[in-house]
file query.pdb (PDB, C-alpha atoms)
ATOM      1  CA  MET A  58     -24.964  29.794 -17.033
ATOM      2  CA  ARG A  59     -24.278  26.175 -16.149
ATOM      3  CA  HIS A  60     -26.547  25.729 -13.170
ATOM      4  CA  LEU A  61     -26.949  22.153 -11.884
ATOM      5  CA  HIS A  62     -24.315  20.816 -14.289
ATOM      6  CA  THR A  63     -21.655  19.405 -12.021
ATOM      7  CA  GLY A  64     -18.413  17.801 -13.089
ATOM      8  CA  ARG A  65     -15.798  18.431 -15.741
ATOM      9  CA  LYS A  66     -16.530  17.880 -19.424
ATOM     10  CA  LEU A  67     -12.959  16.672 -20.113
ATOM     11  CA  GLY A  68     -13.303  17.724 -23.747
ATOM     12  CA  VAL A  69     -15.220  14.636 -24.853
ATOM     13  CA  ALA A  70     -18.815  13.594 -25.509
ATOM     14  CA  PRO A  71     -20.928  12.457 -22.518
ATOM     15  CA  HIS A  72     -20.891   8.753 -23.424
ATOM     16  CA  HIS A  73     -17.125   8.949 -24.014
ATOM     17  CA  ARG A  74     -16.629  10.690 -20.659
ATOM     18  CA  LYS A  75     -18.610   7.998 -18.848
ATOM     19  CA  ALA A  76     -16.545   5.241 -20.495
ATOM     20  CA  LEU A  77     -13.333   7.122 -19.704
ATOM     21  CA  LEU A  78     -14.216   7.433 -16.014
ATOM     22  CA  ARG A  79     -15.178   3.754 -15.822
ATOM     23  CA  ASN A  80     -11.951   2.618 -17.474
ATOM     24  CA  LEU A  81      -9.715   4.823 -15.346
ATOM     25  CA  THR A  82     -11.457   3.692 -12.158
ATOM     26  CA  LEU A  83     -11.122   0.062 -13.200
ATOM     27  CA  ALA A  84      -7.414   0.571 -13.918
ATOM     28  CA  LEU A  85      -6.976   2.249 -10.518
ATOM     29  CA  ILE A  86      -8.613  -0.709  -8.772
ATOM     30  CA  GLU A  87      -6.500  -3.246 -10.685
ATOM     31  CA  ARG A  88      -3.143  -1.462 -10.295
ATOM     32  CA  GLU A  89      -3.806   0.728  -7.196
ATOM     33  CA  ALA A  90      -1.918   3.618  -8.881
ATOM     34  CA  ILE A  91      -2.269   5.294 -12.289
ATOM     35  CA  GLN A  92      -0.791   8.284 -14.116
ATOM     36  CA  THR A  93      -3.284  10.712 -15.623
ATOM     37  CA  THR A  94      -4.052  14.409 -15.919
ATOM     38  CA  PRO A  95      -5.166  16.317 -12.806
ATOM     39  CA  ALA A  96      -8.626  17.058 -14.240
ATOM     40  CA  ARG A  97      -9.283  13.374 -14.917
ATOM     41  CA  ALA A  98      -7.866  12.389 -11.517
ATOM     42  CA  LYS A  99     -10.190  14.825  -9.741
ATOM     43  CA  GLU A 100     -13.157  13.429 -11.666
ATOM     44  CA  ILE A 101     -12.416   9.746 -10.983
ATOM     45  CA  ARG A 102     -11.817  10.469  -7.305
ATOM     46  CA  TRP A 103     -15.593  10.359  -6.792
ATOM     47  CA  PHE A 104     -15.897   7.027  -8.612
ATOM     48  CA  ALA A 105     -12.972   5.445  -6.748
ATOM     49  CA  ASP A 106     -14.198   6.547  -3.318
ATOM     50  CA  ARG A 107     -17.803   5.612  -4.071
ATOM     51  CA  VAL A 108     -16.827   2.077  -5.066
ATOM     52  CA  VAL A 109     -15.048   1.484  -1.726
ATOM     53  CA  THR A 110     -17.913   3.059   0.260
ATOM     54  CA  LEU A 111     -20.457   0.800  -1.442
ATOM     55  CA  ALA A 112     -18.272  -2.261  -0.810
ATOM     56  CA  LYS A 113     -17.923  -1.383   2.882
ATOM     57  CA  ARG A 114     -21.684  -1.779   3.279
ATOM     58  CA  GLY A 115     -21.175  -5.490   2.681
ATOM     59  CA  ASP A 116     -24.552  -6.258   1.093
ATOM     60  CA  VAL A 117     -25.587  -7.563  -2.310
ATOM     61  CA  HIS A 118     -27.196  -4.246  -3.235
ATOM     62  CA  GLY A 119     -23.847  -2.472  -2.805
ATOM     63  CA  ARG A 120     -22.142  -5.074  -5.003
ATOM     64  CA  ARG A 121     -24.755  -4.515  -7.719
ATOM     65  CA  HIS A 122     -24.218  -0.751  -7.522
ATOM     66  CA  ILE A 123     -20.478  -1.273  -7.995
ATOM     67  CA  VAL A 124     -21.113  -3.352 -11.117
ATOM     68  CA  LYS A 125     -23.471  -0.638 -12.370
ATOM     69  CA  LEU A 126     -20.840   2.077 -11.793
ATOM     70  CA  LEU A 127     -18.017   0.135 -13.435
ATOM     71  CA  GLY A 128     -20.088  -1.372 -16.255
ATOM     72  CA  SER A 129     -19.936  -4.945 -17.454
ATOM     73  CA  THR A 130     -16.717  -5.562 -19.354
ATOM     74  CA  GLU A 131     -16.588  -9.092 -20.661
ATOM     75  CA  THR A 132     -13.549 -10.495 -22.399
ATOM     76  CA  LYS A 133     -13.475 -12.934 -25.291
ATOM     77  CA  VAL A 134     -12.006 -15.585 -22.999
ATOM     78  CA  PRO A 135     -14.844 -17.598 -21.425
ATOM     79  CA  GLY A 136     -15.068 -17.267 -17.659
ATOM     80  CA  GLN A 137     -13.025 -14.070 -17.433
ATOM     81  CA  ASN A 138     -14.590 -10.752 -16.534
ATOM     82  CA  ARG A 139     -12.579  -7.664 -15.541
ATOM     83  CA  ILE A 140     -15.402  -6.310 -13.420
ATOM     84  CA  ARG A 141     -15.769  -9.535 -11.454
ATOM     85  CA  THR A 142     -12.060  -9.693 -10.664
ATOM     86  CA  ALA A 143     -12.044  -5.980  -9.771
ATOM     87  CA  VAL A 144     -14.996  -6.406  -7.392
ATOM     88  CA  ASP A 145     -13.262  -9.361  -5.740
ATOM     89  CA  ARG A 146     -10.128  -7.235  -5.371
ATOM     90  CA  ILE A 147     -12.149  -4.435  -3.772
ATOM     91  CA  TYR A 148     -13.702  -6.776  -1.214
ATOM     92  CA  THR A 149     -10.471  -8.641  -0.377
ATOM     93  CA  LEU A 150      -7.879  -5.822  -0.385
ATOM     94  CA  LEU A 151      -9.472  -2.384  -0.171
ATOM     95  CA  VAL A 152     -12.376  -2.920   2.241
ATOM     96  CA  PRO A 153     -10.210  -4.373   5.062
ATOM     97  CA  ARG A 154      -7.671  -1.579   4.520
ATOM     98  CA  PHE A 155     -10.269   1.205   4.874
ATOM     99  CA  LYS A 156     -12.697  -0.353   7.373
ATOM    100  CA  ASP A 157     -12.049   2.367  10.003
ATOM    101  CA  ARG A 158     -11.675   5.264   7.553
ATOM    102  CA  PRO A 159     -14.837   7.308   6.871
ATOM    103  CA  GLY A 160     -13.801   8.534   3.403
ATOM    104  CA  GLY A 161     -11.005  10.011   1.298
ATOM    105  CA  TYR A 162      -9.434   6.766   0.114
ATOM    106  CA  THR A 163      -7.342   8.254  -2.714
ATOM    107  CA  GLN A 164      -4.315  10.534  -3.085
ATOM    108  CA  ILE A 165      -3.273  12.736  -5.994
ATOM    109  CA  PHE A 166       0.394  13.698  -6.457
ATOM    110  CA  ARG A 167       1.342  16.173  -9.155
ATOM    111  CA  LEU A 168       4.347  15.087 -11.216
ATOM    112  CA  ALA A 169       7.052  17.430 -12.517
ATOM    113  CA  PRO A 170       7.570  15.913 -15.992
ATOM    114  CA  ARG A 171       4.821  16.705 -18.471
ATOM    115  CA  ARG A 172       3.350  14.403 -21.114
ATOM    116  CA  ALA A 173       5.554  14.201 -24.198
ATOM    117  CA  GLY A 174       2.861  14.562 -26.867
ATOM    118  CA  ASP A 175       0.883  17.628 -25.776
ATOM    119  CA  ASN A 176       2.864  18.899 -22.765
ATOM    120  CA  ALA A 177      -0.105  18.179 -20.483
ATOM    121  CA  GLU A 178       0.408  18.338 -16.735
ATOM    122  CA  MET A 179       0.477  14.850 -15.217
ATOM    123  CA  CYS A 180      -0.261  13.433 -11.797
ATOM    124  CA  LEU A 181      -0.150  10.117  -9.984
ATOM    125  CA  MET A 182      -3.382   8.907  -8.430
ATOM    126  CA  ARG A 183      -3.423   6.006  -5.998
ATOM    127  CA  TYR A 184      -5.322   4.435  -3.143
ATOM    128  CA  LEU A 185      -3.861   5.221   0.259
ATOM    129  CA  PRO A 186      -1.338   2.564   1.325
ATOM    130  CA  ASP A 187      -2.027   0.259   4.248
ATOM    131  CA  GLU A 188      -0.730   1.582   7.584
ATOM    132  CA  ASN A 189       0.870  -1.797   8.389
ATOM    133  CA  GLU A 190       2.724  -1.977   5.054
ATOM    134  CA  LYS A 191       4.541   1.337   5.436
ATOM    135  CA  LYS A 192       8.259   0.708   5.826
ATOM    136  CA  GLY A 193      10.910   3.146   6.908
ATOM    137  CA  GLY A 194       8.478   5.778   8.123
ATOM    138  CA  ALA A 195       9.310   8.199  10.918
ATOM    139  CA  LYS A 196       6.631   6.679  13.125
ATOM    140  CA  ASP A 197       8.045   3.173  12.741
ATOM    141  CA  LYS A 198      11.599   4.274  13.559
ATOM    142  CA  GLY A 199      10.473   6.020  16.731
ATOM    143  CA  ALA A 200       8.467   2.996  17.810
ATOM    144  CA  LYS A 201      11.413   0.662  17.222
ATOM    145  CA  ALA A 202      13.808   2.929  19.099
ATOM    146  CA  LYS A 203      11.479   3.016  22.095
ATOM    147  CA  ALA A 204      10.941  -0.750  22.021
ATOM    148  CA  LYS A 205      14.635  -1.692  22.199
ATOM    149  CA  PRO A 206      15.471  -0.163  25.612
ATOM    150  CA  GLU A 207      12.375  -1.728  27.141
ATOM    151  CA  LYS A 208      13.460  -5.187  26.014
ATOM    152  CA  LYS A 209      16.934  -4.707  27.501
ATOM    153  CA  ALA A 210      15.418  -3.508  30.766
ATOM    154  CA  ASP A 211      13.165  -6.574  30.867
ATOM    155  CA  LYS A 212      16.167  -8.883  30.451
ATOM    156  CA  LYS A 213      18.001  -7.142  33.288
ATOM    157  CA  ILE A 214      14.977  -7.485  35.548
ATOM    158  CA  GLU A 215      14.587 -11.176  34.679
ATOM    159  CA  ALA A 216      18.283 -11.825  35.337
ATOM    160  CA  ALA A 217      18.092 -10.047  38.700
ATOM    161  CA  ALA A 218      15.004 -12.037  39.640
ATOM    162  CA  GLY A 219      16.768 -15.310  38.888
ATOM    163  CA  LYS A 220      14.902 -15.990  35.657
ATOM    164  CA  PRO A 221      17.512 -16.290  32.950
ATOM    165  CA  GLY A 222      15.042 -16.178  30.050
ATOM    166  CA  LYS A 223      16.782 -16.130  26.710
ATOM    167  CA  VAL A 224      19.969 -14.345  27.814
ATOM    168  CA  LYS A 225      22.986 -16.123  26.316
ATOM    169  CA  GLU A 226      26.415 -16.281  27.888
ATOM    170  CA  LYS A 227      29.321 -14.689  26.078
ATOM    171  CA  ALA A 228      31.466 -16.999  23.980
ATOM    172  CA  ALA A 229      35.028 -17.683  25.044
ATOM    173  CA  PRO A 230      37.747 -15.626  23.306
ATOM    174  CA  GLN A 231      39.600 -17.267  20.401
ATOM    175  CA  ASP A 232      42.964 -17.324  22.230
ATOM    176  CA  LYS A 233      41.687 -19.667  24.938
ATOM    177  CA  VAL A 234      39.978 -22.128  22.594
ATOM    178  CA  GLU A 235      42.048 -25.179  21.909
ATOM    179  CA  ASP A 236      41.925 -26.939  18.615
ATOM    180  CA  LYS A 237      41.112 -30.591  18.040
ATOM    181  CA  LYS A 238      44.590 -31.887  18.920
ATOM    182  CA  GLY A 239      44.663 -30.039  22.223
ATOM    183  CA  ALA A 240      47.331 -27.478  21.292
ATOM    184  CA  LYS A 241      46.733 -23.781  21.400
ATOM    185  CA  PRO A 242      46.787 -22.007  18.030
ATOM    186  CA  LYS A 243      49.999 -20.157  17.236
ATOM    187  CA  LYS A 244      50.029 -16.424  17.106
ATOM    188  CA  LYS A 245      51.473 -14.819  13.991
ATOM    189  CA  GLU A 246      54.667 -12.877  14.505
ATOM    190  CA  LYS A 247      54.853  -9.363  13.267
ATOM    191  CA  GLU A 248      57.142  -8.941  10.300
ATOM    192  CA  GLY A 249      59.142  -5.767  10.443
TER     193      GLY A 249
END
call {"tool": "encode", "arguments": {"input": "query.pdb", "output": "structure tokens"}}
result
Amino acid sequence: MRHLHTGRKLGVAPHHRKALLRNLTLALIEREAIQTTPARAKEIRWFADRVVTLAKRGDVHGRRHIVKLLGSTETKVPGQNRIRTAVDRIYTLLVPRFKDRPGGYTQIFRLAPRRAGDNAEMCLMRYLPDENEKKGGAKDKGAKAKAKPEKKADKKIEAAAGKPGKVKEKAAPQDKVEDKKGAKPKKKEKEG
């Protein structure tokens, strides 16, 4: 029996599994959406949510825990560090987005096409999008539809009260407009 052994083995050695989870979490933070297998997505969900929860604390200890979870990946280019840029991204983009949310920062969508090599089931994992960035949603359309009649009613009230506001007068029809020489434009005769 496997008592007190939580988590999926993912078919790899323990040190390989730890590196795999770190790399997938880092890729999720950098790109905000990745394609992977459902088993891996369910495993990195804990890492991805934990990173945001630690960052929401806002203290140095939380930042150090994030670095410990993600590891220290240094590049050969001096001054560049993937972990440092990922932590900055967490604090600038993800923490403000989830400041009022108590948990559950990720989504997993199963995809219909399977992986070409081994026919493995695939899924898309991403951080939840920002509520303000959603475009074309049903909620936004309803809010816009309700807002338009109110604005028209406000203009009518202002006009009745003697406050013209930004109401423009209608333009004169084209037939009555004279051209520069003072003559009216000629109407075209119908050919028949």
call {"tool": "residues_around", "arguments": {"input": "query.pdb", "residues": "Cys180 of chain A", "least_positions_apart": "6", "cutoff": "12 Å", "atoms": "only C-alpha atoms", "output": "PyMOL selection string"}}
result
chain A and resi 90-99+164-172
call {"tool": "write_last_selection", "arguments": {"input": "query.pdb", "atoms": "C-alpha atoms", "output": "PDB file, keeping the file's coordinate frame"}}
result
ATOM      1  CA  ALA A  90      -1.918   3.618  -8.881  1.00  0.00           C
ATOM      2  CA  ILE A  91      -2.269   5.294 -12.289  1.00  0.00           C
ATOM      3  CA  GLN A  92      -0.791   8.284 -14.116  1.00  0.00           C
ATOM      4  CA  THR A  93      -3.284  10.712 -15.623  1.00  0.00           C
ATOM      5  CA  THR A  94      -4.052  14.409 -15.919  1.00  0.00           C
ATOM      6  CA  PRO A  95      -5.166  16.317 -12.806  1.00  0.00           C
ATOM      7  CA  ALA A  96      -8.626  17.058 -14.240  1.00  0.00           C
ATOM      8  CA  ARG A  97      -9.283  13.374 -14.917  1.00  0.00           C
ATOM      9  CA  ALA A  98      -7.866  12.389 -11.517  1.00  0.00           C
ATOM     10  CA  LYS A  99     -10.190  14.825  -9.741  1.00  0.00           C
ATOM     11  CA  GLN A 164      -4.315  10.534  -3.085  1.00  0.00           C
ATOM     12  CA  ILE A 165      -3.273  12.736  -5.994  1.00  0.00           C
ATOM     13  CA  PHE A 166       0.394  13.698  -6.457  1.00  0.00           C
ATOM     14  CA  ARG A 167       1.342  16.173  -9.155  1.00  0.00           C
ATOM     15  CA  LEU A 168       4.347  15.087 -11.216  1.00  0.00           C
ATOM     16  CA  ALA A 169       7.052  17.430 -12.517  1.00  0.00           C
ATOM     17  CA  PRO A 170       7.570  15.913 -15.992  1.00  0.00           C
ATOM     18  CA  ARG A 171       4.821  16.705 -18.471  1.00  0.00           C
ATOM     19  CA  ARG A 172       3.350  14.403 -21.114  1.00  0.00           C
TER      20      ARG A 172
END
call {"tool": "residues_around", "arguments": {"input": "query.pdb", "residues": "Pro159 of chain A", "least_positions_apart": "3", "cutoff": "12 Å", "atoms": "all atoms listed in the file", "output": "list in words"}}
result
Asp106, Arg107, Val109, Thr110, Leu111, Lys113, Arg114, Val152, Arg154, Phe155, Lys156 and Tyr162 of chain A
call {"tool": "closest_residue", "arguments": {"input": "query.pdb", "among": "A:Ala112, A:Leu61, A:Ile101, A:Ile123", "to": "Leu77 of chain A", "atoms": "only C-alpha atoms"}}
result
A:Ile101
call {"tool": "atom_distance", "arguments": {"input": "query.pdb", "atom1": "atom CA of Ser129 of chain A", "atom2": "atom CA of Arg102 of chain A"}}
result
20.2 Å
call {"tool": "atom_distance", "arguments": {"input": "query.pdb", "atom1": "atom CA of Arg121 of chain A", "atom2": "atom CA of Val144 of chain A"}}
result
9.9 Å
call {"tool": "resolve_selection", "arguments": {"input": "query.pdb", "expression": "the PyMOL selection byres ((chain A and resi 80-82) around 10)", "output": "PyMOL selection string"}}
result
chain A and resi 74-79+83-89+91-93+97-98+100-106+108+126-128+130+143
call {"tool": "atom_distance", "arguments": {"input": "query.pdb", "atom1": "atom CA of Thr163 of chain A", "atom2": "atom CA of Pro71 of chain A"}}
result
24.4 Å
call {"tool": "residues_around", "arguments": {"input": "query.pdb", "residues": "Asp187 of chain A", "least_positions_apart": "3", "cutoff": "10 Å", "atoms": "all atoms listed in the file", "output": "list in words"}}
result
Leu150, Leu151, Pro153, Arg154, Phe155, Tyr184, Glu190 and Lys191 of chain A
